[in-house]
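Asker: Pasting my_file.tsv below, which is TSV, C-alpha atoms and all ligand atoms.
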chain	number	residue	atom	x	y	z
S	892	MET	CA	-4.28	22.43	-19.05
S	893	SER	CA	-5.10	18.81	-18.23
S	894	ASP	CA	-7.31	18.09	-15.26
S	895	LEU	CA	-5.25	15.93	-12.91
S	896	ARG	CA	-7.93	15.59	-10.25
S	897	THR	CA	-9.06	12.18	-9.03
S	898	ARG	CA	-11.55	10.89	-6.46
S	899	TYR	CA	-10.07	8.47	-3.96
S	900	LEU	CA	-11.98	7.23	-0.88
S	901	GLY	CA	-14.59	9.91	-1.39
S	902	LEU	CA	-11.89	12.61	-1.29
S	903	THR	CA	-11.13	14.90	-4.19
S	904	LEU	CA	-7.37	14.79	-4.73
S	905	LYS	CA	-5.67	17.40	-6.90
S	906	ASN	CA	-3.67	14.67	-8.66
S	907	PRO	CA	-3.11	10.91	-8.29
S	908	ILE	CA	0.27	11.08	-6.48
S	909	VAL	CA	-0.17	10.22	-2.83
S	910	HIS	CA	2.78	9.84	-0.50
S	911	SER	CA	2.42	6.40	1.09
S	912	ALA	CA	3.35	5.63	4.68
S	913	SER	CA	7.01	6.37	5.35
S	914	PRO	CA	9.25	8.04	7.93
S	915	LEU	CA	8.72	11.34	6.06
S	916	SER	CA	5.42	11.74	7.88
S	917	GLU	CA	7.21	11.64	11.21
S	918	SER	CA	7.67	15.40	11.09
S	919	LEU	CA	5.26	18.17	10.24
S	920	ALA	CA	8.06	20.02	8.44
S	921	THR	CA	8.64	17.18	5.94
S	922	MET	CA	4.91	16.65	5.52
S	923	ARG	CA	4.53	20.28	4.51
S	924	LYS	CA	7.39	19.89	2.04
S	925	LEU	CA	5.59	16.91	0.50
S	926	GLU	CA	2.50	19.05	0.15
S	927	ASP	CA	4.53	21.87	-1.43
S	928	ALA	CA	6.11	19.37	-3.83
S	929	GLY	CA	2.62	18.49	-5.09
S	930	CYS	CA	1.57	15.34	-3.23
S	931	SER	CA	-2.21	15.25	-3.20
S	932	ALA	CA	-2.53	13.40	0.12
S	933	ILE	CA	-0.27	11.83	2.70
S	934	VAL	CA	-0.67	8.49	4.36
S	935	MET	CA	0.91	8.78	7.81
S	936	HIS	CA	3.50	6.20	8.90
S	937	SER	CA	1.73	3.35	10.68
S	938	LEU	CA	0.72	3.08	14.25
S	939	PHE	CA	1.42	-0.56	15.03
S	940	GLU	CA	-0.74	-2.93	16.99
S	941	GLU	CA	2.40	-3.89	18.92
S	942	GLN	CA	3.03	-0.29	19.92
S	943	ILE	CA	-0.48	0.08	21.29
S	944	GLN	CA	-0.49	-3.35	22.89
S	945	ASN	CA	2.89	-2.78	24.45
S	946	GLU	CA	1.72	0.44	25.89
S	947	SER	CA	-1.44	-0.97	27.38
S	948	ARG	CA	0.24	-4.28	28.29
S	949	GLN	CA	-2.53	-6.24	26.64
S	950	LEU	CA	-0.84	-8.92	24.62
S	951	ASP	CA	-3.72	-11.33	25.03
S	952	HIS	CA	-4.49	-11.94	21.40
S	953	TYR	CA	-0.91	-12.42	20.31
S	954	LEU	CA	-0.20	-14.72	23.21
S	955	SER	CA	-3.07	-16.89	22.09
S	956	TYR	CA	-1.22	-17.27	18.78
S	957	GLY	CA	1.95	-18.35	20.59
S	958	ALA	CA	5.04	-16.55	21.76
S	959	GLN	CA	6.84	-17.55	18.61
S	960	SER	CA	4.57	-15.70	16.23
S	961	PHE	CA	4.66	-12.61	18.42
S	962	ALA	CA	8.47	-12.59	18.50
S	963	GLU	CA	8.40	-13.07	14.79
S	964	ALA	CA	6.00	-10.22	14.23
S	965	LEU	CA	8.33	-7.96	16.17
S	966	SER	CA	11.37	-9.08	14.26
S	967	TYR	CA	9.66	-8.31	10.96
S	968	PHE	CA	8.92	-4.77	12.03
S	969	PRO	CA	12.17	-2.94	12.52
S	970	GLU	CA	10.28	0.26	11.80
S	971	ALA	CA	7.99	-0.26	14.76
S	972	GLU	CA	10.90	0.22	17.08
S	973	ASP	CA	12.41	3.03	15.09
S	974	TYR	CA	9.24	5.07	15.14
S	975	ARG	CA	9.58	6.00	18.79
S	976	VAL	CA	6.21	7.56	19.04
S	977	GLY	CA	3.42	6.43	21.30
S	978	PRO	CA	-0.25	6.42	20.30
S	979	ASP	CA	-0.92	9.82	21.91
S	980	GLU	CA	1.84	11.51	20.03
S	981	TYR	CA	0.66	9.85	16.83
S	982	LEU	CA	-2.82	11.29	17.26
S	983	ASP	CA	-1.34	14.65	18.07
S	984	ARG	CA	0.64	14.52	14.81
S	985	ILE	CA	-2.57	13.95	12.86
S	986	SER	CA	-4.34	16.90	14.44
S	987	ARG	CA	-1.35	19.21	13.99
S	988	ALA	CA	-1.01	18.16	10.34
S	989	LYS	CA	-4.72	18.74	9.77
S	990	LYS	CA	-4.47	22.25	11.17
S	991	ALA	CA	-1.34	23.16	9.21
S	992	MET	CA	-2.07	21.57	5.84
S	993	GLU	CA	-4.67	21.63	3.08
S	994	ILE	CA	-4.32	18.14	1.60
S	995	PRO	CA	-6.05	15.10	3.07
S	996	ILE	CA	-4.23	13.20	5.80
S	997	ILE	CA	-4.80	9.46	5.96
S	998	GLY	CA	-4.05	7.70	9.24
S	999	SER	CA	-2.39	4.29	9.03
S	1000	LEU	CA	-3.06	1.48	11.42
S	1001	ASN	CA	-1.09	-1.72	11.25
S	1002	GLY	CA	-2.35	-4.87	12.88
S	1003	VAL	CA	-3.54	-8.41	12.31
S	1004	SER	CA	-6.10	-9.14	15.01
S	1005	ARG	CA	-9.26	-8.00	16.69
S	1006	GLY	CA	-8.59	-6.37	20.04
S	1007	GLY	CA	-8.57	-3.18	22.05
S	1008	TRP	CA	-6.02	-1.57	19.74
S	1009	VAL	CA	-8.60	-1.12	16.95
S	1010	GLU	CA	-10.17	1.69	19.02
S	1011	HIS	CA	-7.27	3.74	17.79
S	1012	ALA	CA	-9.01	3.90	14.43
S	1013	ARG	CA	-11.75	5.95	16.11
S	1014	LEU	CA	-9.18	8.07	17.90
S	1015	MET	CA	-7.55	8.79	14.53
S	1016	GLN	CA	-10.94	9.80	13.18
S	1017	ASP	CA	-11.47	12.06	16.21
S	1018	ALA	CA	-8.03	13.58	15.65
S	1019	GLY	CA	-9.21	14.67	12.19
S	1020	ALA	CA	-7.91	11.99	9.84
S	1021	ASP	CA	-9.71	12.16	6.49
S	1022	ALA	CA	-9.53	8.40	6.04
S	1023	ILE	CA	-7.76	5.39	7.46
S	1024	GLU	CA	-5.51	2.89	5.75
S	1025	LEU	CA	-5.40	-0.44	7.50
S	1026	ASN	CA	-2.10	-2.11	6.75
S	1027	ILE	CA	-2.39	-5.84	7.38
S	1028	TYR	CA	1.06	-7.39	7.27
S	1029	MET	CA	1.24	-10.94	8.43
S	1030	ILE	CA	3.58	-13.87	7.90
S	1031	PRO	CA	1.58	-17.00	8.79
S	1032	THR	CA	4.41	-19.30	9.88
S	1033	ASP	CA	2.37	-21.67	12.05
S	1034	PRO	CA	1.94	-24.92	10.06
S	1035	ALA	CA	-1.33	-25.53	11.90
S	1036	MET	CA	-2.90	-22.37	10.52
S	1037	THR	CA	-4.89	-22.90	7.33
S	1038	GLY	CA	-5.42	-20.58	4.39
S	1039	PRO	CA	-9.11	-19.98	5.25
S	1040	GLU	CA	-8.09	-19.11	8.84
S	1041	VAL	CA	-5.54	-16.58	7.60
S	1042	GLU	CA	-8.11	-15.05	5.24
S	1043	GLN	CA	-10.68	-14.88	8.01
S	1044	MET	CA	-8.21	-13.07	10.25
S	1045	TYR	CA	-7.78	-10.41	7.58
S	1046	VAL	CA	-11.53	-10.01	7.19
S	1047	ASP	CA	-12.17	-9.99	10.95
S	1048	THR	CA	-9.50	-7.35	11.53
S	1049	LEU	CA	-10.96	-5.19	8.81
S	1050	SER	CA	-14.53	-5.64	10.13
S	1051	ALA	CA	-13.41	-4.71	13.64
S	1052	VAL	CA	-11.83	-1.49	12.39
S	1053	ARG	CA	-14.85	-0.76	10.18
S	1054	GLN	CA	-17.09	-0.87	13.24
S	1055	GLU	CA	-15.01	1.83	14.90
S	1056	VAL	CA	-15.12	4.49	12.18
S	1057	THR	CA	-17.43	6.23	9.79
S	1058	ILE	CA	-14.67	7.83	7.68
S	1059	PRO	CA	-13.48	6.04	4.53
S	1060	LEU	CA	-11.36	2.97	5.10
S	1061	ALA	CA	-8.78	1.45	2.77
S	1062	VAL	CA	-7.00	-1.82	3.33
S	1063	LYS	CA	-3.39	-2.35	2.28
S	1064	VAL	CA	-2.50	-5.98	1.70
S	1065	GLY	CA	0.17	-8.15	0.15
S	1066	PRO	CA	-0.23	-10.22	-3.02
S	1067	TYR	CA	0.02	-13.69	-1.45
S	1068	PHE	CA	-3.59	-14.82	-1.50
S	1069	SER	CA	-4.64	-17.94	-3.41
S	1070	ALA	CA	-7.75	-16.14	-4.65
S	1071	MET	CA	-6.94	-12.45	-4.82
S	1072	ALA	CA	-10.13	-11.51	-6.68
S	1073	ASN	CA	-12.30	-13.26	-4.11
S	1074	MET	CA	-10.40	-11.62	-1.24
S	1075	ALA	CA	-10.87	-8.23	-2.87
S	1076	ARG	CA	-14.62	-8.84	-2.91
S	1077	ARG	CA	-14.57	-10.02	0.70
S	1078	PHE	CA	-12.71	-6.85	1.72
S	1079	LYS	CA	-15.35	-4.80	-0.06
S	1080	ASP	CA	-18.13	-6.74	1.68
S	1081	ALA	CA	-16.42	-6.25	5.05
S	1082	GLY	CA	-16.55	-2.50	4.55
S	1083	ALA	CA	-13.40	-1.45	2.65
S	1084	ASP	CA	-13.82	1.65	0.49
S	1085	GLY	CA	-10.41	1.23	-1.04
S	1086	LEU	CA	-7.75	-1.41	-1.68
S	1087	VAL	CA	-4.08	-0.50	-1.66
S	1088	LEU	CA	-2.15	-3.05	-3.72
S	1089	PHE	CA	0.44	-4.26	-2.73
S	1090	ASN	CA	2.32	-4.13	0.50
S	1091	ARG	CA	6.02	-4.90	0.04
S	1092	PHE	CA	7.11	-7.72	2.30
S	1093	TYR	CA	10.63	-6.90	3.36
S	1094	GLN	CA	12.76	-10.02	3.22
S	1095	PRO	CA	15.36	-10.57	5.90
S	1096	ASP	CA	18.89	-11.47	4.80
S	1097	PHE	CA	21.72	-13.52	6.33
S	1098	ASP	CA	24.91	-11.83	7.45
S	1099	LEU	CA	27.52	-14.53	6.81
S	1100	GLU	CA	30.15	-12.83	8.97
S	1101	SER	CA	28.09	-12.58	12.15
S	1102	LEU	CA	25.79	-15.48	11.24
S	1103	GLU	CA	22.81	-13.36	12.10
S	1104	VAL	CA	19.53	-12.75	10.34
S	1105	VAL	CA	19.43	-9.10	9.47
S	1106	PRO	CA	16.49	-6.96	8.44
S	1107	HIS	CA	17.17	-5.77	4.94
S	1108	LEU	CA	15.21	-2.83	3.63
S	1109	THR	CA	15.73	-2.13	-0.05
S	1110	LEU	CA	13.85	0.52	-1.93
S	1111	SER	CA	11.71	-0.48	-4.88
S	1112	THR	CA	12.27	-0.13	-8.62
S	1113	SER	CA	9.65	0.57	-11.30
S	1114	TRP	CA	9.72	-3.10	-12.25
S	1115	GLU	CA	7.88	-4.00	-9.03
S	1116	MET	CA	4.84	-2.13	-10.20
S	1117	ARG	CA	3.97	-4.88	-12.68
S	1118	LEU	CA	2.25	-7.01	-10.05
S	1119	PRO	CA	-0.12	-4.37	-8.63
S	1120	LEU	CA	-0.62	-3.01	-12.16
S	1121	ARG	CA	-1.88	-6.36	-13.34
S	1122	TRP	CA	-4.18	-6.88	-10.37
S	1123	VAL	CA	-5.68	-3.43	-10.46
S	1124	ALA	CA	-6.30	-3.91	-14.19
S	1125	ILE	CA	-8.00	-7.25	-13.49
S	1126	LEU	CA	-10.13	-6.02	-10.59
S	1127	HIS	CA	-11.11	-2.61	-11.95
S	1128	GLY	CA	-14.84	-2.63	-12.68
S	1129	ARG	CA	-15.23	-6.01	-11.01
S	1130	VAL	CA	-14.93	-5.04	-7.36
S	1131	ASP	CA	-16.49	-1.73	-6.50
S	1132	VAL	CA	-13.75	-0.08	-4.45
S	1133	ASP	CA	-11.18	2.63	-5.16
S	1134	PHE	CA	-7.84	1.10	-6.01
S	1135	ALA	CA	-4.47	2.57	-5.16
S	1136	ILE	CA	-1.18	1.20	-6.41
S	1137	THR	CA	1.79	1.05	-4.08
S	1138	SER	CA	5.17	-0.55	-4.92
S	1139	GLY	CA	7.26	0.63	-7.80
S	1140	VAL	CA	5.65	3.94	-8.74
S	1141	HIS	CA	8.68	6.03	-9.70
S	1142	SER	CA	8.07	7.89	-12.96
S	1143	ALA	CA	5.36	9.70	-14.91
S	1144	GLU	CA	4.97	6.58	-17.03
S	1145	ASP	CA	4.31	4.56	-13.88
S	1146	VAL	CA	1.63	7.01	-12.74
S	1147	ILE	CA	-0.03	6.99	-16.16
S	1148	LYS	CA	0.05	3.19	-16.38
S	1149	GLY	CA	-1.41	2.90	-12.87
S	1150	VAL	CA	-4.26	5.24	-13.71
S	1151	MET	CA	-4.94	3.48	-17.02
S	1152	ALA	CA	-5.10	0.15	-15.17
S	1153	GLY	CA	-7.81	1.67	-13.00
S	1154	ALA	CA	-6.04	3.12	-9.95
S	1155	LYS	CA	-7.49	6.27	-8.44
S	1156	ALA	CA	-4.23	6.92	-6.62
S	1157	THR	CA	-0.64	5.98	-7.34
S	1158	MET	CA	1.44	6.01	-4.20
S	1159	MET	CA	5.09	6.93	-4.01
S	1160	THR	CA	7.64	6.39	-1.28
S	1161	SER	CA	10.90	4.86	-2.56
S	1162	ALA	CA	11.19	7.36	-5.41
S	1163	VAL	CA	10.86	10.25	-2.98
S	1164	LEU	CA	13.32	8.73	-0.51
S	1165	GLN	CA	15.77	8.17	-3.38
S	1166	SER	CA	15.43	11.33	-5.39
S	1167	GLY	CA	14.03	13.85	-2.93
S	1168	MET	CA	10.71	15.58	-2.71
S	1169	GLY	CA	11.31	17.69	-5.83
S	1170	HIS	CA	10.86	14.44	-7.76
S	1171	VAL	CA	7.09	14.65	-7.26
S	1172	LYS	CA	7.02	18.00	-9.04
S	1173	THR	CA	9.00	16.61	-11.98
S	1174	VAL	CA	6.73	13.58	-12.28
S	1175	LEU	CA	3.59	15.73	-12.18
S	1176	ARG	CA	4.98	18.01	-14.89
S	1177	ASP	CA	5.83	14.96	-17.03
S	1178	VAL	CA	2.37	13.43	-16.51
S	1179	GLU	CA	0.76	16.64	-17.67
S	1180	ALA	CA	3.07	16.95	-20.68
S	1181	TRP	CA	2.30	13.35	-21.67
S	1182	MET	CA	-1.44	13.94	-21.38
S	1183	GLU	CA	-1.24	17.04	-23.52
S	1184	ARG	CA	0.87	15.28	-26.16
S	1185	ASN	CA	-1.62	12.43	-26.25
S	1186	GLU	CA	-4.69	14.62	-26.05
S	1187	TYR	CA	-6.09	13.38	-22.78
S	1188	VAL	CA	-8.04	16.07	-20.99
S	1189	SER	CA	-8.37	14.46	-17.60
S	1190	ILE	CA	-7.16	11.70	-15.30
S	1191	GLU	CA	-10.77	10.63	-14.97
S	1192	GLN	CA	-10.93	10.05	-18.72
S	1193	MET	CA	-7.82	7.84	-18.55
S	1194	CYS	CA	-8.80	5.86	-15.48
S	1195	GLY	CA	-9.31	2.18	-16.28
S	1196	SER	CA	-8.86	2.67	-20.03
S	1197	MET	CA	-6.39	-0.24	-20.04
S	1198	SER	CA	-8.12	-2.40	-17.47
S	1199	GLN	CA	-8.86	-5.96	-18.42
S	1200	LYS	CA	-12.44	-5.08	-19.31
S	1201	ASN	CA	-11.35	-2.39	-21.73
S	1202	VAL	CA	-8.35	-3.77	-23.58
S	1203	ALA	CA	-8.61	-5.46	-26.96
S	1204	GLU	CA	-6.91	-8.61	-25.64
S	1205	PRO	CA	-8.17	-9.39	-22.10
S	1206	SER	CA	-6.26	-12.70	-22.08
S	1207	ALA	CA	-3.06	-10.65	-21.87
S	1208	PHE	CA	-3.65	-10.59	-18.12
S	1209	GLU	CA	-4.23	-14.31	-17.80
S	1210	ARG	CA	-2.81	-17.77	-18.29
S	1211	ALA	CA	-3.06	-17.68	-22.06
S	1212	ASN	CA	-0.57	-14.87	-22.09
S	1213	TYR	CA	1.84	-16.91	-19.97
S	1214	MET	CA	1.99	-19.66	-22.57
S	1215	LYS	CA	2.26	-17.17	-25.40
S	1216	MET	CA	5.07	-15.33	-23.69
S	1217	LEU	CA	7.08	-18.48	-23.01
S	1218	HIS	CA	6.57	-19.70	-26.56
S	1219	SER	CA	7.60	-16.35	-27.95
S	1220	TRP	CA	11.17	-16.90	-26.73
S	1221	GLN	CA	12.94	-17.54	-30.03
S	1222	SER	CA	16.51	-16.51	-29.85
S	1223	ASP	CA	19.08	-16.88	-27.12
S	1224	PRO	CA	20.82	-13.55	-26.83
S	1225	THR	CA	22.58	-14.67	-23.66
S	1226	GLY	CA	24.31	-17.56	-25.47
S	1227	PHE	CA	23.72	-19.83	-22.49
S	1228	LEU	CA	21.80	-22.50	-24.39
S	1229	PRO	CA	23.75	-25.21	-26.24
K	1	LIG	C1	11.46	3.34	5.23
K	1	LIG	C2	10.07	2.88	4.94
K	1	LIG	C3	9.10	2.91	5.94
K	1	LIG	C4	7.79	2.46	5.69
K	1	LIG	N1	6.85	2.50	6.68
K	1	LIG	C5	5.60	2.06	6.42
K	1	LIG	C6	4.59	2.12	7.43
K	1	LIG	O1	4.80	2.58	8.53
K	1	LIG	N2	3.35	1.65	7.10
K	1	LIG	C7	3.05	1.15	5.86
K	1	LIG	O2	1.91	0.78	5.61
K	1	LIG	N3	3.99	1.11	4.89
K	1	LIG	C8	5.24	1.54	5.15
K	1	LIG	N4	6.18	1.50	4.16
K	1	LIG	C9	5.80	0.98	2.83
K	1	LIG	C10	5.47	2.12	1.86
K	1	LIG	O3	4.35	2.85	2.30
K	1	LIG	C11	5.18	1.59	0.47
K	1	LIG	O4	3.99	0.81	0.47
K	1	LIG	C12	6.30	0.72	-0.09
K	1	LIG	O5	7.56	1.33	0.13
K	1	LIG	C13	6.13	0.47	-1.58
K	1	LIG	O6	6.03	1.68	-2.29
K	1	LIG	P1	7.28	2.34	-3.07
K	1	LIG	O7	7.69	1.41	-4.14
K	1	LIG	O8	6.74	3.64	-3.57
K	1	LIG	O9	8.36	2.53	-2.05
K	1	LIG	C14	7.47	1.97	4.39
K	1	LIG	C15	8.45	1.97	3.40
K	1	LIG	C16	9.72	2.42	3.64
K	1	LIG	C17	10.74	2.39	2.53
Will you turn the file into structure tokens for me?

Answerer:
Amino acid sequence: MSDLRTRYLGLTLKNPIVHSASPLSESLATMRKLEDAGCSAIVMHSLFEEQIQNESRQLDHYLSYGAQSFAEALSYFPEAEDYRVGPDEYLDRISRAKKAMEIPIIGSLNGVSRGGWVEHARLMQDAGADAIELNIYMIPTDPAMTGPEVEQMYVDTLSAVRQEVTIPLAVKVGPYFSAMANMARRFKDAGADGLVLFNRFYQPDFDLESLEVVPHLTLSTSWEMRLPLRWVAILHGRVDVDFAITSGVHSAEDVIKGVMAGAKATMMTSAVLQSGMGHVKTVLRDVEAWMERNEYVSIEQMCGSMSQKNVAEPSAFERANYMKMLHSWQSDPTGFLP
């Protein structure tokens, strides 16, 4: 029997498949089903800065960034309105889940600023959360805001949350930084124990009948995993945090690739929403079968084995590979070229 255990954020997980934040953690019944299906930890759906601010009527920080960016933040978060749960009920969900379940429960806090709302990280810790994932999701639309200012906001938000809690803290971010490796190091320096790569930025669509902008949530495909896979492979062994991959983890192959890149956890939401919770069981069985076929005894042994530091051709992750790939295009199977 292969040993599927992994250590993520100081927690021993029975396997690398973690259920990332989704509406499935809105009910204890579905959380227990995820545990029964084999998930090794659950990240709760997020508690949003807007929800807390709205409740306490303290919109000071957002207002200082202009009404426009606040309205925009709201419009990008259809889920925030759908999750009709106030902060108290959220905390209650964590403590009930902790009492009823064995696997670690990770609280999720979503915000982009310093402010009173970050106290909720401590309240999550008090409610029994094993760790916290800080989901920073921001669309900097103000032309006056510079890249360094945006980066500093991320770091300041993380630092503020770090000051509130002693439990492990992961930060979930998107891929749109000019210097991802440097940001990863800054997150580590600001107190992150883990980095969850990458947030999916849901793109709004136009409805041409009603001429309205509509939120458009599509589930991921395995293809989307390429981006976090590459970055975890690049950063593994360079920045001393635990990496988790989110976006595009659907199959056993995806889990194995993620671990080989250097991820301690591979997170799954779309696949479970698409195929049901039983999918986790199937994937775990397939991971184990693959390991046995290929004579790997443990996940730990596999972790990082295909990271940039460990592969025979490290340039495969870099610019050199880009040129090589473009020049490798020989034929034109599509028949589009003259
Ligand atoms: C319906 C839905 C709700 C989500 N809610 C949250 C959330 O509250 N907080 C969060 O950090 N991510 C949220 N996510 C993002 C997922 O946790 C995950 O990062 C993303 O779907 C990419 O992973 P996947 O390819 O496995 O779906 C949500 C995703 C979906 C599809």

Asker: Would you mind listing, for every residue of segment 1106-1206 of chain S within 6 Å of segment 922-928 of chain S, the two atoms forming the shortest contact and the distance between them in Å to one decimal, using all atoms listed in the file, sorted by chain and ascending residue number, as JSON lines?

Answerer:
{"residue": "S:Gly1169", "atom": "CA", "partner": "S:Ala928", "partner_atom": "CA", "distance": 5.8}
{"residue": "S:Val1171", "atom": "CA", "partner": "S:Ala928", "partner_atom": "CA", "distance": 5.9}
{"residue": "S:Lys1172", "atom": "CA", "partner": "S:Ala928", "partner_atom": "CA", "distance": 5.5}

Asker: So, counting only C-alpha atoms and all ligand atoms, which residue among S:Val1146, S:Ala1156, S:Met935, S:Leu1102 is closest to ligand LIG 1 (chain K)?

Answerer: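 Using only C-alpha atoms and all ligand atoms, the shortest distance to ligand LIG 1 (chain K) belongs to S:Met935.
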
Asker: Please provide the set of residues having any atom within 8 Å of segment 1131-1136 of chain S, restricted to only C-alpha atoms, with same-chain residues fewer than 2 positions apart removed, written as a PyMOL selection string.

Answerer: chain S and resi 899-900+1079+1083-1089+1116+1119-1120+1123+1127-1129+1138+1140+1149+1153-1158

Asker: Find the distance between atom N1 of ligand LIG 1 (chain K) and atom CA of Leu1126 of chain S and write it in Å to one decimal.

Answerer: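 Here the two named atoms are 25.7 Å from each other.
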
Asker: Taking all atoms listed in the file into account, report as a list of chain:residue names which residues have an atom no farther than 6 Å from an atom of ligand LIG 1 (chain K).

Answerer: S:Ser911, S:Ala912, S:Ser913, S:Pro914, S:His936, S:Ser937, S:Asn1026, S:Asn1090, S:Arg1091, S:Leu1110, S:Ser1111, S:Thr1137, S:Ser1138, S:Gly1139, S:Val1140, S:Met1158, S:Met1159, S:Thr1160, S:Ser1161

Asker: Using all atoms listed in the file, which of S:Ala1143, S:Val1046, S:Met892, S:Val1056 sits nearest Thr1173 of chain S?

Answerer: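 Among S:Ala1143, S:Val1046, S:Met892, S:Val1056, it is S:Ala1143 that comes nearest to Thr1173 of chain S.
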
Asker: What is the distance between atom CA of Ile943 of chain S and atom CA of Trp1008 of chain S, in Å to one decimal?

Answerer: 6.0 Å

Asker: Could you list as a VMD selection string every residue that has an atom within 12 Å of (-8.9, 8.2, 13.0), using the file's coordinates and counting only C-alpha atoms?

Answerer: chain S and resid 934 to 935 937 to 938 978 981 to 986 989 996 to 1000 1009 to 1025 1052 to 1053 1055 to 1060

Asker: What does the structure give for the distance between atom CA of Met1074 of chain S and atom CA of Glu1040 of chain S, in Å to one decimal?

Answerer: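 About the pair atom CA of Met1074 of chain S and atom CA of Glu1040 of chain S: they are 12.8 Å apart.
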
Asker: Working from the structure I just supplied, which lacks atoms in segment 1203-1208 of chain S, can you model all heavy atoms there and output them as a PDB file, in the coordinates of the input?

Answerer:
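Result written to rebuild.pdb:
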ATOM      1  N   ALA S1203      -8.188  -4.631 -25.831  1.00  0.00           N
ATOM      2  CA  ALA S1203      -8.610  -5.460 -26.960  1.00  0.00           C
ATOM      3  C   ALA S1203      -8.326  -6.935 -26.688  1.00  0.00           C
ATOM      4  O   ALA S1203      -9.015  -7.812 -27.189  1.00  0.00           O
ATOM      5  CB  ALA S1203      -7.876  -4.992 -28.219  1.00  0.00           C
ATOM      6  N   GLU S1204      -7.271  -7.207 -25.870  1.00  0.00           N
ATOM      7  CA  GLU S1204      -6.910  -8.610 -25.640  1.00  0.00           C
ATOM      8  C   GLU S1204      -6.908  -8.906 -24.134  1.00  0.00           C
ATOM      9  O   GLU S1204      -5.862  -8.898 -23.492  1.00  0.00           O
ATOM     10  CB  GLU S1204      -5.531  -8.875 -26.227  1.00  0.00           C
ATOM     11  CG  GLU S1204      -5.305 -10.336 -26.514  1.00  0.00           C
ATOM     12  CD  GLU S1204      -3.868 -10.609 -26.972  1.00  0.00           C
ATOM     13  OE1 GLU S1204      -3.152  -9.673 -27.313  1.00  0.00           O
ATOM     14  OE2 GLU S1204      -3.498 -11.785 -26.951  1.00  0.00           O
ATOM     15  N   PRO S1205      -8.097  -9.180 -23.555  1.00  0.00           N
ATOM     16  CA  PRO S1205      -8.170  -9.390 -22.100  1.00  0.00           C
ATOM     17  C   PRO S1205      -7.311 -10.552 -21.619  1.00  0.00           C
ATOM     18  O   PRO S1205      -6.844 -10.566 -20.490  1.00  0.00           O
ATOM     19  CB  PRO S1205      -9.651  -9.679 -21.848  1.00  0.00           C
ATOM     20  CG  PRO S1205     -10.373  -9.326 -23.093  1.00  0.00           C
ATOM     21  CD  PRO S1205      -9.395  -9.307 -24.208  1.00  0.00           C
ATOM     22  N   SER S1206      -7.055 -11.535 -22.499  1.00  0.00           N
ATOM     23  CA  SER S1206      -6.260 -12.700 -22.080  1.00  0.00           C
ATOM     24  C   SER S1206      -4.825 -12.304 -21.767  1.00  0.00           C
ATOM     25  O   SER S1206      -4.085 -13.086 -21.174  1.00  0.00           O
ATOM     26  CB  SER S1206      -6.295 -13.776 -23.155  1.00  0.00           C
ATOM     27  OG  SER S1206      -5.669 -13.272 -24.309  1.00  0.00           O
ATOM     28  N   ALA S1207      -4.431 -11.112 -22.158  1.00  0.00           N
ATOM     29  CA  ALA S1207      -3.060 -10.650 -21.870  1.00  0.00           C
ATOM     30  C   ALA S1207      -2.783 -10.660 -20.378  1.00  0.00           C
ATOM     31  O   ALA S1207      -1.632 -10.700 -19.961  1.00  0.00           O
ATOM     32  CB  ALA S1207      -2.854  -9.250 -22.433  1.00  0.00           C
ATOM     33  N   PHE S1208      -3.843 -10.607 -19.566  1.00  0.00           N
ATOM     34  CA  PHE S1208      -3.650 -10.590 -18.120  1.00  0.00           C
ATOM     35  C   PHE S1208      -3.685 -11.992 -17.517  1.00  0.00           C
ATOM     36  O   PHE S1208      -3.549 -12.157 -16.331  1.00  0.00           O
ATOM     37  CB  PHE S1208      -4.738  -9.736 -17.454  1.00  0.00           C
ATOM     38  CG  PHE S1208      -4.633  -8.277 -17.805  1.00  0.00           C
ATOM     39  CD1 PHE S1208      -5.461  -7.711 -18.753  1.00  0.00           C
ATOM     40  CD2 PHE S1208      -3.686  -7.473 -17.183  1.00  0.00           C
ATOM     41  CE1 PHE S1208      -5.361  -6.375 -19.077  1.00  0.00           C
ATOM     42  CE2 PHE S1208      -3.574  -6.139 -17.500  1.00  0.00           C
ATOM     43  CZ  PHE S1208      -4.413  -5.579 -18.445  1.00  0.00           C
TER      44      PHE S1208
END
